[in-house]
>>> print(open('target03.pdb').read())   # PDB, C-alpha atoms and all ligand atoms
ATOM      1  CA  MET A   1     118.364 -18.938  -6.795
ATOM      2  CA  ASN A   2     118.284 -15.515  -8.381
ATOM      3  CA  VAL A   3     120.196 -12.261  -8.357
ATOM      4  CA  SER A   4     118.751 -11.237  -5.013
ATOM      5  CA  ASP A   5     120.391 -14.267  -3.489
ATOM      6  CA  ILE A   6     123.787 -12.659  -3.873
ATOM      7  CA  PHE A   7     122.548  -9.061  -3.918
ATOM      8  CA  PRO A   8     120.123  -9.054  -0.999
ATOM      9  CA  SER A   9     118.927  -5.542  -1.840
ATOM     10  CA  GLY A  10     117.581  -6.650  -5.262
ATOM     11  CA  LYS A  11     114.038  -7.919  -5.832
ATOM     12  CA  ASP A  12     113.206 -11.455  -6.900
ATOM     13  CA  GLY A  13     112.506 -11.682 -10.594
ATOM     14  CA  GLU A  14     113.968  -8.233 -11.345
ATOM     15  CA  PRO A  15     116.219  -8.495 -14.373
ATOM     16  CA  SER A  16     119.858  -7.828 -13.494
ATOM     17  CA  GLU A  17     120.251  -5.807 -16.719
ATOM     18  CA  ALA A  18     117.761  -3.216 -15.412
ATOM     19  CA  LYS A  19     120.647  -1.216 -13.955
ATOM     20  CA  PRO A  20     124.325  -2.032 -13.776
ATOM     21  CA  ALA A  21     125.060  -4.274 -10.795
ATOM     22  CA  PRO A  22     127.129  -2.501  -8.162
ATOM     23  CA  LYS A  23     130.478  -4.143  -7.479
ATOM     24  CA  HIS A  24     129.761  -6.489  -4.611
ATOM     25  CA  THR A  25     131.995  -7.382  -1.713
ATOM     26  CA  VAL A  26     132.955 -10.999  -2.257
ATOM     27  CA  PHE A  27     134.233 -13.104   0.642
ATOM     28  CA  VAL A  28     136.254 -16.171  -0.269
ATOM     29  CA  LYS A  29     136.430 -18.827   2.429
ATOM     30  CA  GLU A  30     138.350 -22.049   2.640
ATOM     31  CA  LEU A  31     135.870 -24.934   2.584
ATOM     32  CA  SER A  32     136.071 -28.138   4.573
ATOM     33  CA  GLU A  33     134.634 -31.629   4.821
ATOM     34  CA  LYS A  34     131.322 -30.267   6.110
ATOM     35  CA  ASP A  35     130.843 -28.386   2.815
ATOM     36  CA  ARG A  36     131.192 -31.483   0.608
ATOM     37  CA  ARG A  37     127.441 -31.771  -0.011
ATOM     38  CA  ARG A  38     127.210 -28.091  -0.959
ATOM     39  CA  ILE A  39     130.136 -28.459  -3.355
ATOM     40  CA  LEU A  40     128.409 -31.399  -5.037
ATOM     41  CA  ARG A  41     125.171 -29.455  -5.362
ATOM     42  CA  HIS A  42     127.075 -26.541  -6.924
ATOM     43  CA  PHE A  43     128.752 -28.752  -9.546
ATOM     44  CA  LEU A  44     125.592 -30.707 -10.367
ATOM     45  CA  ALA A  45     123.796 -27.439 -11.101
ATOM     46  CA  LEU A  46     126.385 -26.454 -13.748
ATOM     47  CA  LYS A  47     125.071 -26.938 -17.247
ATOM     48  CA  GLU A  48     126.831 -29.204 -19.754
ATOM     49  CA  SER A  49     128.872 -26.484 -21.476
ATOM     50  CA  ASP A  50     130.090 -25.129 -18.126
ATOM     51  CA  ARG A  51     131.110 -28.607 -16.946
ATOM     52  CA  LEU A  52     133.098 -28.917 -20.133
ATOM     53  CA  LEU A  53     134.911 -25.653 -19.459
ATOM     54  CA  ARG A  54     135.422 -26.476 -15.794
ATOM     55  CA  PHE A  55     136.643 -30.068 -16.066
ATOM     56  CA  GLY A  56     138.027 -30.076 -19.595
ATOM     57  CA  THR A  57     135.593 -32.833 -20.509
ATOM     58  CA  TYR A  58     131.871 -33.367 -20.074
ATOM     59  CA  LEU A  59     131.400 -35.185 -16.771
ATOM     60  CA  PRO A  60     128.066 -36.941 -16.164
ATOM     61  CA  ASP A  61     126.510 -36.649 -12.695
ATOM     62  CA  GLU A  62     128.042 -39.924 -11.450
ATOM     63  CA  MET A  63     131.555 -38.758 -12.373
ATOM     64  CA  VAL A  64     130.975 -35.365 -10.772
ATOM     65  CA  THR A  65     129.847 -37.176  -7.614
ATOM     66  CA  LYS A  66     132.998 -39.317  -7.674
ATOM     67  CA  TYR A  67     135.151 -36.230  -8.202
ATOM     68  CA  VAL A  68     133.608 -34.489  -5.189
ATOM     69  CA  GLU A  69     133.820 -37.640  -3.037
ATOM     70  CA  GLY A  70     137.508 -37.820  -3.944
ATOM     71  CA  ILE A  71     138.442 -34.323  -2.813
ATOM     72  CA  ASP A  72     141.081 -34.617  -0.122
ATOM     73  CA  PHE A  73     140.662 -31.564   2.092
ATOM     74  CA  SER A  74     143.887 -32.304   3.969
ATOM     75  CA  ARG A  75     145.939 -32.160   0.755
ATOM     76  CA  ASP A  76     144.044 -29.724  -1.492
ATOM     77  CA  LYS A  77     142.477 -26.356  -0.856
ATOM     78  CA  VAL A  78     138.896 -25.696  -1.814
ATOM     79  CA  PHE A  79     137.644 -22.129  -1.688
ATOM     80  CA  GLY A  80     134.046 -21.033  -1.799
ATOM     81  CA  VAL A  81     131.814 -17.993  -1.994
ATOM     82  CA  MET A  82     128.470 -18.103  -0.201
ATOM     83  CA  SER A  83     125.434 -16.114  -1.283
ATOM     84  CA  ALA A  84     123.455 -14.025   1.177
ATOM     85  CA  HIS A  85     121.141 -17.051   1.552
ATOM     86  CA  PHE A  86     124.059 -19.354   2.390
ATOM     87  CA  ARG A  87     124.201 -21.048  -1.001
ATOM     88  CA  LEU A  88     127.554 -21.943  -2.447
ATOM     89  CA  VAL A  89     127.735 -19.863  -5.641
ATOM     90  CA  GLY A  90     131.421 -20.239  -6.481
ATOM     91  CA  VAL A  91     134.021 -22.949  -5.973
ATOM     92  CA  GLY A  92     137.764 -22.876  -6.619
ATOM     93  CA  HIS A  93     139.653 -26.156  -6.235
ATOM     94  CA  LEU A  94     143.415 -25.935  -5.856
ATOM     95  CA  ALA A  95     145.106 -29.338  -6.095
ATOM     96  CA  PHE A  96     148.806 -29.734  -5.411
ATOM     97  CA  ALA A  97     150.949 -32.340  -7.141
ATOM     98  CA  PRO A  98     154.670 -33.136  -7.233
ATOM     99  CA  LYS A  99     156.458 -31.616 -10.199
ATOM    100  CA  GLN A 100     156.866 -34.074 -13.093
ATOM    101  CA  ALA A 101     160.451 -34.850 -14.084
ATOM    102  CA  ALA A 102     159.791 -33.534 -17.595
ATOM    103  CA  ASP A 103     158.312 -30.275 -16.324
ATOM    104  CA  GLU A 104     160.739 -27.545 -17.282
ATOM    105  CA  VAL A 105     158.610 -24.573 -16.345
ATOM    106  CA  THR A 106     159.457 -24.608 -12.637
ATOM    107  CA  ASP A 107     162.338 -25.335 -10.246
ATOM    108  CA  LYS A 108     159.948 -25.895  -7.343
ATOM    109  CA  ASP A 109     159.122 -29.380  -6.002
ATOM    110  CA  LYS A 110     155.394 -29.057  -6.580
ATOM    111  CA  VAL A 111     152.922 -27.426  -8.903
ATOM    112  CA  ALA A 112     149.240 -26.647  -8.483
ATOM    113  CA  GLU A 113     146.193 -27.129 -10.646
ATOM    114  CA  PHE A 114     143.257 -24.791 -10.287
ATOM    115  CA  GLY A 115     139.657 -25.172 -11.406
ATOM    116  CA  VAL A 116     136.965 -22.604 -10.824
ATOM    117  CA  SER A 117     133.237 -22.346 -11.430
ATOM    118  CA  VAL A 118     130.560 -19.836 -10.567
ATOM    119  CA  SER A 119     126.805 -20.469 -10.588
ATOM    120  CA  GLU A 120     125.212 -18.870 -13.624
ATOM    121  CA  SER A 121     123.048 -16.520 -11.549
ATOM    122  CA  ALA A 122     126.056 -15.128  -9.653
ATOM    123  CA  ARG A 123     128.298 -14.367 -12.636
ATOM    124  CA  GLY A 124     129.721 -11.007 -13.597
ATOM    125  CA  LYS A 125     129.970  -9.832 -10.000
ATOM    126  CA  GLY A 126     133.611 -10.562  -9.313
ATOM    127  CA  VAL A 127     133.153 -14.013  -7.734
ATOM    128  CA  GLY A 128     135.337 -15.815 -10.302
ATOM    129  CA  PHE A 129     138.040 -13.170 -10.084
ATOM    130  CA  LYS A 130     138.161 -13.300  -6.280
ATOM    131  CA  LEU A 131     138.354 -17.111  -6.285
ATOM    132  CA  PHE A 132     141.140 -17.005  -8.841
ATOM    133  CA  GLU A 133     142.991 -14.317  -6.893
ATOM    134  CA  ARG A 134     142.700 -16.364  -3.695
ATOM    135  CA  GLY A 135     143.935 -19.546  -5.388
ATOM    136  CA  ALA A 136     146.924 -17.671  -6.778
ATOM    137  CA  ILE A 137     147.790 -15.990  -3.489
ATOM    138  CA  HIS A 138     147.548 -19.322  -1.671
ATOM    139  CA  CYS A 139     149.973 -20.862  -4.181
ATOM    140  CA  ARG A 140     152.442 -18.025  -3.668
ATOM    141  CA  ASN A 141     152.267 -18.475   0.093
ATOM    142  CA  ALA A 142     152.749 -22.260  -0.309
ATOM    143  CA  ASP A 143     155.946 -21.681  -2.317
ATOM    144  CA  VAL A 144     154.398 -22.779  -5.602
ATOM    145  CA  ASP A 145     155.176 -20.628  -8.636
ATOM    146  CA  THR A 146     153.293 -22.480 -11.386
ATOM    147  CA  LEU A 147     149.539 -22.782 -11.603
ATOM    148  CA  TYR A 148     147.994 -25.065 -14.226
ATOM    149  CA  MET A 149     144.434 -24.695 -15.501
ATOM    150  CA  HIS A 150     142.181 -26.254 -18.106
ATOM    151  CA  CYS A 151     141.538 -23.117 -20.054
ATOM    152  CA  LEU A 152     140.488 -23.206 -23.681
ATOM    153  CA  SER A 153     141.751 -20.285 -25.746
ATOM    154  CA  SER A 154     138.077 -19.567 -26.438
ATOM    155  CA  ASN A 155     137.403 -19.059 -22.721
ATOM    156  CA  GLN A 156     137.719 -15.290 -22.960
ATOM    157  CA  THR A 157     136.189 -14.695 -19.527
ATOM    158  CA  MET A 158     138.867 -16.760 -17.799
ATOM    159  CA  ILE A 159     141.622 -15.176 -19.882
ATOM    160  CA  HIS A 160     140.282 -11.739 -18.960
ATOM    161  CA  ILE A 161     140.289 -12.699 -15.254
ATOM    162  CA  ALA A 162     143.909 -13.916 -15.380
ATOM    163  CA  LYS A 163     145.030 -10.765 -17.192
ATOM    164  CA  LYS A 164     143.150  -8.596 -14.726
ATOM    165  CA  ALA A 165     145.052 -10.348 -11.923
ATOM    166  CA  GLY A 166     148.253  -9.311 -13.715
ATOM    167  CA  MET A 167     149.063 -12.776 -15.081
ATOM    168  CA  GLU A 168     149.923 -14.025 -18.491
ATOM    169  CA  ILE A 169     148.553 -17.336 -19.746
ATOM    170  CA  HIS A 170     151.220 -19.613 -21.224
ATOM    171  CA  ARG A 171     150.449 -22.622 -23.397
ATOM    172  CA  GLU A 172     152.972 -25.343 -23.978
ATOM    173  CA  TYR A 173     150.867 -28.491 -23.888
ATOM    174  CA  GLY A 174     148.150 -27.764 -26.411
ATOM    175  CA  GLU A 175     145.161 -25.539 -26.735
ATOM    176  CA  ALA A 176     143.234 -26.536 -23.624
ATOM    177  CA  ASP A 177     145.933 -26.547 -20.950
ATOM    178  CA  ALA A 178     147.462 -23.364 -19.693
ATOM    179  CA  TYR A 179     149.803 -22.362 -16.943
ATOM    180  CA  LEU A 180     150.492 -19.151 -15.130
ATOM    181  CA  LYS A 181     153.653 -18.025 -13.386
ATOM    182  CA  LEU A 182     153.260 -16.556  -9.916
ATOM    183  CA  LEU A 183     155.364 -14.143  -7.929
ATOM    184  CA  PRO A 184     157.071 -15.363  -4.760
ATOM    185  CA  ALA A 185     155.322 -14.826  -1.423
ATOM    186  CA  ASP A 186     155.976 -11.654   0.545
ATOM    187  CA  ALA A 187     154.727 -10.259   3.853
ATOM    188  CA  ALA A 188     151.802  -8.562   2.080
ATOM    189  CA  SER A 189     150.613 -11.771   0.381
ATOM    190  CA  VAL A 190     150.722 -13.714   3.658
ATOM    191  CA  LEU A 191     148.857 -10.984   5.538
ATOM    192  CA  LYS A 192     146.318 -10.561   2.736
ATOM    193  CA  GLU A 193     145.404 -14.237   2.741
ATOM    194  CA  ALA A 194     145.152 -14.436   6.536
ATOM    195  CA  MET A 195     142.932 -11.360   6.720
ATOM    196  CA  GLN A 196     140.708 -12.495   3.847
ATOM    197  CA  GLU A 197     140.150 -15.838   5.558
ATOM    198  CA  GLN A 198     139.261 -14.241   8.908
ATOM    199  CA  VAL A 199     136.696 -11.901   7.407
ATOM    200  CA  ALA A 200     135.259 -14.654   5.191
ATOM    201  CA  ALA A 201     134.997 -17.040   8.165
ATOM    202  CA  LEU A 202     132.975 -14.421  10.042
ATOM    203  CA  ASP A 203     130.733 -13.833   7.025
ATOM    204  CA  TYR A 204     130.224 -17.611   6.640
ATOM    205  CA  THR A 205     129.263 -18.029  10.310
ATOM    206  CA  ILE A 206     126.797 -15.141  10.235
ATOM    207  CA  LYS A 207     125.118 -16.452   7.063
ATOM    208  CA  ALA A 208     125.030 -20.044   8.392
ATOM    209  CA  ASN A 209     123.467 -18.917  11.672
ATOM    210  CA  THR A 210     120.937 -16.685   9.909
ATOM    211  CA  ARG A 211     119.948 -19.563   7.659
ATOM    212  CA  ALA A 212     119.607 -21.916  10.645
ATOM    213  CA  ALA A 213     117.449 -19.332  12.443
ATOM    214  CA  VAL A 214     115.214 -18.819   9.382
ATOM    215  CA  LYS A 215     114.806 -22.599   9.073
ATOM    216  CA  TRP A 216     113.974 -22.925  12.751
ATOM    217  CA  LEU A 217     111.410 -20.115  12.594
ATOM    218  CA  GLY A 218     109.979 -21.672   9.432
ATOM    219  CA  ASN A 219     109.581 -24.983  11.233
ATOM    220  CA  LEU A 220     107.871 -23.234  14.127
ATOM    221  CA  SER A 221     105.404 -21.424  11.901
ATOM    222  CA  GLY A 222     104.962 -24.394   9.560
ATOM    223  CA  THR A 223     106.392 -22.571   6.480
ATOM    224  CA  LYS A 224     109.239 -24.115   4.510
ATOM    225  CA  SER A 225     112.472 -22.220   3.761
ATOM    226  CA  GLU A 226     114.460 -23.043   0.555
TER     227      GLU A 226
HETATM  228  C1  LIG A 301     134.788 -18.288 -15.781
HETATM  229  C2  LIG A 301     133.872 -18.025 -14.592
HETATM  230  C3  LIG A 301     134.419 -18.756 -13.363
HETATM  231  C4  LIG A 301     133.842 -16.514 -14.316
HETATM  232  O1  LIG A 301     133.067 -16.266 -13.165
HETATM  233  P1  LIG A 301     132.467 -14.797 -12.854
HETATM  234  O2  LIG A 301     132.078 -14.764 -11.424
HETATM  235  O3  LIG A 301     131.423 -14.451 -13.828
HETATM  236  O4  LIG A 301     133.743 -13.881 -13.109
HETATM  237  P2  LIG A 301     133.943 -12.354 -12.673
HETATM  238  O5  LIG A 301     132.622 -11.704 -12.489
HETATM  239  O6  LIG A 301     134.903 -12.288 -11.562
HETATM  240  O7  LIG A 301     134.711 -11.778 -13.929
HETATM  241  C5  LIG A 301     134.236 -11.914 -15.209
HETATM  242  C6  LIG A 301     134.996 -10.919 -16.057
HETATM  243  O8  LIG A 301     135.027 -11.380 -17.399
HETATM  244  C7  LIG A 301     134.503 -10.379 -18.239
HETATM  245  N1  LIG A 301     133.888 -11.084 -19.344
HETATM  246  C8  LIG A 301     132.690 -11.697 -19.380
HETATM  247  N2  LIG A 301     132.505 -12.246 -20.600
HETATM  248  C9  LIG A 301     133.610 -11.966 -21.325
HETATM  249  C10 LIG A 301     134.035 -12.265 -22.655
HETATM  250  N3  LIG A 301     133.256 -12.958 -23.493
HETATM  251  N4  LIG A 301     135.255 -11.819 -23.065
HETATM  252  C11 LIG A 301     136.052 -11.119 -22.236
HETATM  253  N5  LIG A 301     135.714 -10.818 -20.943
HETATM  254  C12 LIG A 301     134.506 -11.233 -20.510
HETATM  255  C13 LIG A 301     133.535  -9.607 -17.380
HETATM  256  O9  LIG A 301     133.325  -8.314 -17.910
HETATM  257  C14 LIG A 301     134.318  -9.554 -16.076
HETATM  258  O10 LIG A 301     135.354  -8.623 -16.116
HETATM  259  P3  LIG A 301     135.318  -7.244 -15.269
HETATM  260  O11 LIG A 301     135.060  -7.612 -13.829
HETATM  261  O12 LIG A 301     136.676  -6.668 -15.480
HETATM  262  O13 LIG A 301     134.209  -6.438 -15.852
HETATM  263  C15 LIG A 301     132.397 -18.483 -14.875
HETATM  264  O14 LIG A 301     131.984 -17.893 -16.071
HETATM  265  C16 LIG A 301     132.250 -19.997 -14.977
HETATM  266  O15 LIG A 301     131.998 -20.672 -13.984
HETATM  267  N6  LIG A 301     132.405 -20.548 -16.201
HETATM  268  C17 LIG A 301     132.312 -22.005 -16.426
HETATM  269  C18 LIG A 301     133.531 -22.746 -15.878
HETATM  270  C19 LIG A 301     134.843 -22.174 -16.390
HETATM  271  O16 LIG A 301     134.954 -21.668 -17.505
HETATM  272  N7  LIG A 301     135.890 -22.256 -15.549
HETATM  273  C20 LIG A 301     137.212 -21.793 -15.923
HETATM  274  C21 LIG A 301     138.147 -22.903 -16.300
HETATM  275  S1  LIG A 301     138.586 -23.927 -14.928
END
>>> encode(input="target03.pdb", output="C-alpha cells", more="lines below")
Ligand SMILES: CC(C)(COP(=O)(O)OP(=O)(O)OC[C@H]1O[C@@H](n2cnc3c(N)ncnc32)[C@H](O)[C@@H]1OP(=O)(O)O)[C@@H](O)C(=O)NCCC(=O)NCCS
Amino acid sequence: MNVSDIFPSGKDGEPSEAKPAPKHTVFVKELSEKDRRRILRHFLALKESDRLLRFGTYLPDEMVTKYVEGIDFSRDKVFGVMSAHFRLVGVGHLAFAPKQAADEVTDKDKVAEFGVSVSESARGKGVGFKLFERGAIHCRNADVDTLYMHCLSSNQTMIHIAKKAGMEIHREYGEADAYLKLLPADAASVLKEAMQEQVAALDYTIKANTRAAVKWLGNLSGTKSE
C-alpha cells in the first residue's frame, strides 16, 4: 500500500514529501467480528519497533494472532480507519476493565485501556488523532473518566496527539504506563459520536462495495486486484 491508497488523488510511487499532504477527512468506524482478519493483517504488518510501542512489549506473530483472536467485540470497542482501497490503516482498541481496589485515580466502577496503531504509509494524516479522539469520546459517553495507555515518555507523537486533544498525560505507575482524565459526557459528545459512526458506516459500505465490484470485474476480465 502507498500514499495513494489513503489519498486517492495521489500517484503511486510519488513521494509524499513532494508537497505537503492536505489534511484528509478521516472516518473512524466501529469494527466488528467480520473485521477480525483485517485487524490481524494490520498488526502483523507493524514493524518490531511499532509493536513495542503499541503493546508495550515485542509480540511475535503467534502472540499477535492470539491477541486478535482474543478480542471480545461484545465487551470491548475496536475502531478502525479504512483506506480508499478498503485496507485497514488504523486500529484503536478500547478495552474496559473493572476498577482495581487500589486505583485511587477514579471514583468510577470501571476504567478503560486504549491502544492505537497506524500503518506506516498512512501516518501524519490525522488517523492516529481521530482514533484517539474517538476512543476518548466513547469513554466519556460510557461514563468512564480514566483512560490508560502504554505510552513511553519517548513516544512524542502520542504525547503530541493527547495534548492536541486537550488532555494531559499523567504517570503514576512508571515510565511506560500513562493515564488521561476525561471530561464527563454531555449532549454534544453523545451526538458527535453517533454522527461520526453514521458517516463512517456509510463510508465503509461504499468502500467495501467498490472493492467487491473491482474484484468482480477483475475476475471477469482475468486481472487480479490487490
Ligand atoms: C502514534 C501513531 C498512532 C500516530 O499515528 P498518526 O496517524 O501518524 O498520527 P496523526 O497523523 O494523527 O498525528 C501525528 C501528530 O504527531 C506529530 N508528530 C510526529 N512526530 C512527532 C514527534 N517526533 N514529536 C512530536 N510530534 C510529532 C505530527 O506532526 C502530528 O501532529 P499534527 O497533526 O498536529 O501536525 C503512529 O505513529 C503509530 O502507530 N505508532 C506506533 C504505535 C504507537 O506508538 N502507539 C501508541 C501507543 S499505544
>>> axis_aligned_box(input="target03.pdb", around="ligand LIG 301 (chain A)", padding_each_side="3 Å", output="JSON")
{"center_x": 135.0, "center_y": -15.2, "center_z": -17.5, "size_x": 13.2, "size_y": 23.5, "size_z": 18.1}
>>> residues_near_ligand(input="target03.pdb", ligand="ligand LIG 301 (chain A)", cutoff="6 Å", atoms="only C-alpha atoms and all ligand atoms", output="count of residues only")
22
>>> closest_residue(input="target03.pdb", among="A:Ala208, A:Ala102, A:Leu46, A:Met195", to="Val28 of chain A", atoms="only C-alpha atoms")
A:Met195
>>> atom_distance(input="target03.pdb", atom1="atom CA of Asp61 of chain A", atom2="atom CA of Ala45 of chain A")
9.7 Å
>>> atom_distance(input="target03.pdb", atom1="atom CA of Ser153 of chain A", atom2="atom CA of Tyr179 of chain A")
12.1 Å
